[in-house]
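Participant: Below are the C-alpha cells for one structure; questions will follow.
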Amino acid sequence: MYHCYCTLCQKQGGTVSNAATIVYSDKFKWMSGESKIKKWRKDTGFSSHFCCECGSPVPNVFKSKFVWVPIGLMENVNPIVKANVWLSSRPDWATPLELERNYDSAPEEVEEFVQFLNSGHNA
Ligand SMILES: [Zn+2]
C-alpha cells in the first residue's frame, strides 16, 4: 500500500493522506453493493467514488486496467506500506513514515508503480 498526500486525497478523506493500493482490474471483483456507488469526477481525471449509504470512499477503476482500493475499507489485511506519494503537498504538521519509495508528486510510470506495490508479501 501507499500513502498519498495530494490535496485531492486530503479533501476526499478529510485528513492528511489516503492509505490505498492499486491492483489490476482483472484481479478485482465486486461481490455486492456496486449499485450504491455514486461518482464524482474532475476534468483532470481524478474521480471519487463513494457509497451513497455510508459515504465511504470505494474502489474505482482508472486508466481502464487498474483499480484504486482504499485500504481502510478492508478488514483482516496486513499490507506492506511501501511508498509516500505527493509529499510536496504534505502539510508541515504531518510526519510521513520512512518508506522504501518517496515521490514528490505522482509516480510517472503507473504500471511500474503498481507492480512495485504488488510485489512481496507479508507472512
Ligand atoms: Zn492523492
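So you can find residues: chains in the C-alpha cells are A, B, ... in the order shown, residues in each start at 1, and ligands are numbered from 1 in order.
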Residues contacting ligand 1 - anything with an atom at most 12 Å away, using only C-alpha atoms and all ligand atoms - can you give me those as an mmCIF file with C-alpha atoms, in the first residue's frame?
Facilitator:
data_model
loop_
_atom_site.group_PDB
_atom_site.id
_atom_site.type_symbol
_atom_site.label_atom_id
_atom_site.label_comp_id
_atom_site.auth_asym_id
_atom_site.auth_seq_id
_atom_site.Cartn_x
_atom_site.Cartn_y
_atom_site.Cartn_z
ATOM 1 C CA TYR A 2 0.973 3.647 -0.164
ATOM 2 C CA HIS A 3 0.042 6.958 1.412
ATOM 3 C CA CYS A 4 -0.999 9.779 -0.931
ATOM 4 C CA TYR A 5 -0.633 13.316 0.393
ATOM 5 C CA CYS A 6 -2.154 15.106 -2.630
ATOM 6 C CA THR A 7 -4.660 17.843 -1.877
ATOM 7 C CA LEU A 8 -7.458 15.910 -3.602
ATOM 8 C CA CYS A 9 -6.939 12.912 -1.326
ATOM 9 C CA GLN A 10 -6.788 15.258 1.663
ATOM 10 C CA LYS A 11 -10.162 16.745 0.737
ATOM 11 C CA GLN A 12 -11.679 13.389 -0.176
ATOM 12 C CA GLY A 13 -10.787 11.819 3.151
ATOM 13 C CA GLY A 14 -10.821 14.912 5.325
ATOM 14 C CA THR A 15 -7.376 14.001 6.591
ATOM 15 C CA VAL A 16 -3.706 14.333 5.722
ATOM 16 C CA SER A 17 -3.350 11.372 3.364
ATOM 17 C CA ASN A 18 -5.125 8.444 1.795
ATOM 18 C CA ALA A 19 -3.954 4.903 2.507
ATOM 19 C CA ALA A 20 -4.534 2.871 -0.612
ATOM 20 C CA THR A 21 -3.274 0.302 -3.011
ATOM 21 C CA PHE A 46 -9.371 12.412 -10.646
ATOM 22 C CA SER A 47 -12.507 10.678 -9.539
ATOM 23 C CA SER A 48 -14.058 9.867 -6.223
ATOM 24 C CA TRP A 68 -7.605 2.095 -6.803
ATOM 25 C CA PRO A 70 -8.725 2.438 -0.204
ATOM 26 C CA ASN A 84 4.684 8.018 0.094
ATOM 27 C CA VAL A 85 3.193 9.897 -2.865
ATOM 28 C CA TRP A 86 2.739 13.649 -3.394
ATOM 29 C CA LEU A 87 4.988 14.610 -0.487
ATOM 30 C CA SER A 88 5.179 18.123 -1.958
ATOM 31 C CA SER A 89 1.571 18.617 -0.786
ATOM 32 C CA ARG A 90 2.141 17.248 2.705
ATOM 33 C CA TYR A 103 7.609 10.716 -4.510
ATOM 34 C CA ASP A 104 7.233 14.500 -4.547
ATOM 35 C CA SER A 105 4.320 14.081 -6.989
ATOM 36 C CA ALA A 106 2.618 11.127 -8.669
ATOM 37 C CA PRO A 107 4.766 8.232 -9.916
#
Participant: I'd like the neighbourhood of segment 61-64 of chain A as JSON, numbers by chain, where a residue qualifies if any of its atoms comes within 10 Å (using only C-alpha atoms), though same-chain residues fewer than 3 positions away should be ignored.
Facilitator: {"A": [22, 23, 24, 25, 28, 45, 46, 47, 49, 67, 68, 69, 110]}
Participant: Would you please extract all helix (DSSP H, G or I) residues from segment 10-95 of chain A, as assigned by DSSP on the backbone, and give them as a list in words?
Facilitator: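 Checking each residue of segment 10-95 of chain A, the helix (DSSP H, G or I) ones are Gln10, Lys11, Gln12, Gly13, Ser25, Asp26, Lys27, Glu34, Ser35, Lys36, Ile71, Gly72, Leu73, Leu87, Ser88 and Ser89 of chain A.
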Participant: Tell me which of A:Pro96, A:Val114, A:Asn60, A:Gly55 sits closest to Trp30 of chain A, counting only C-alpha atoms.
Facilitator: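 Result for the nearest residue to Trp30 of chain A: A:Asn60.
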Participant: Taking the backbone alone, and naming residues the way the document does, which bits of segment 18-70 of chain A are strand (DSSP E or B) by DSSP, as an NGL selection string?
Facilitator: :A and (18-24 or 37-41 or 47-51 or 57 or 60-62 or 66-70)
Participant: Within 12 Å of Glu53 of chain A, counting only C-alpha atoms, which residues show up once you throw out same-chain ones fewer than 4 positions away? Write them as a PDB file with C-alpha atoms, in the first residue's frame, please.
Facilitator:
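Saved as selection.pdb:
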ATOM      1  CA  GLY A  33     -23.147  -3.146  -3.199  1.00  0.00           C
ATOM      2  CA  GLU A  34     -21.968  -1.843  -6.590  1.00  0.00           C
ATOM      3  CA  SER A  35     -25.399  -0.284  -7.276  1.00  0.00           C
ATOM      4  CA  LYS A  36     -24.941   2.001  -4.244  1.00  0.00           C
ATOM      5  CA  ILE A  37     -21.879   3.747  -5.657  1.00  0.00           C
ATOM      6  CA  LYS A  38     -22.050   7.433  -6.564  1.00  0.00           C
ATOM      7  CA  PRO A  57     -14.829   6.145  -0.495  1.00  0.00           C
ATOM      8  CA  VAL A  58     -14.863   2.916  -2.500  1.00  0.00           C
TER       9      VAL A  58
END
Participant: So the first atom is atom CA of Ser32 of chain A and the second is atom CA of Phe113 of chain A; what is the distance between them in Å, to one decimal place?
Facilitator: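 These atoms are spaced 28.4 Å apart.
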Participant: If you measure from atom CA of Met1 of chain A to atom CA of Val81 of chain A, what distance in Å do you get, rounded to one decimal?
Facilitator: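 Computing it gives 4.9 Å between the two atoms.
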Participant: Please, what distance in Å, to one decimal, runs between atom CA of Lys65 of chain A and atom CA of Glu108 of chain A?
Facilitator: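 Answer for the atom CA of Lys65 of chain A to atom CA of Glu108 of chain A separation: 16.1 Å.
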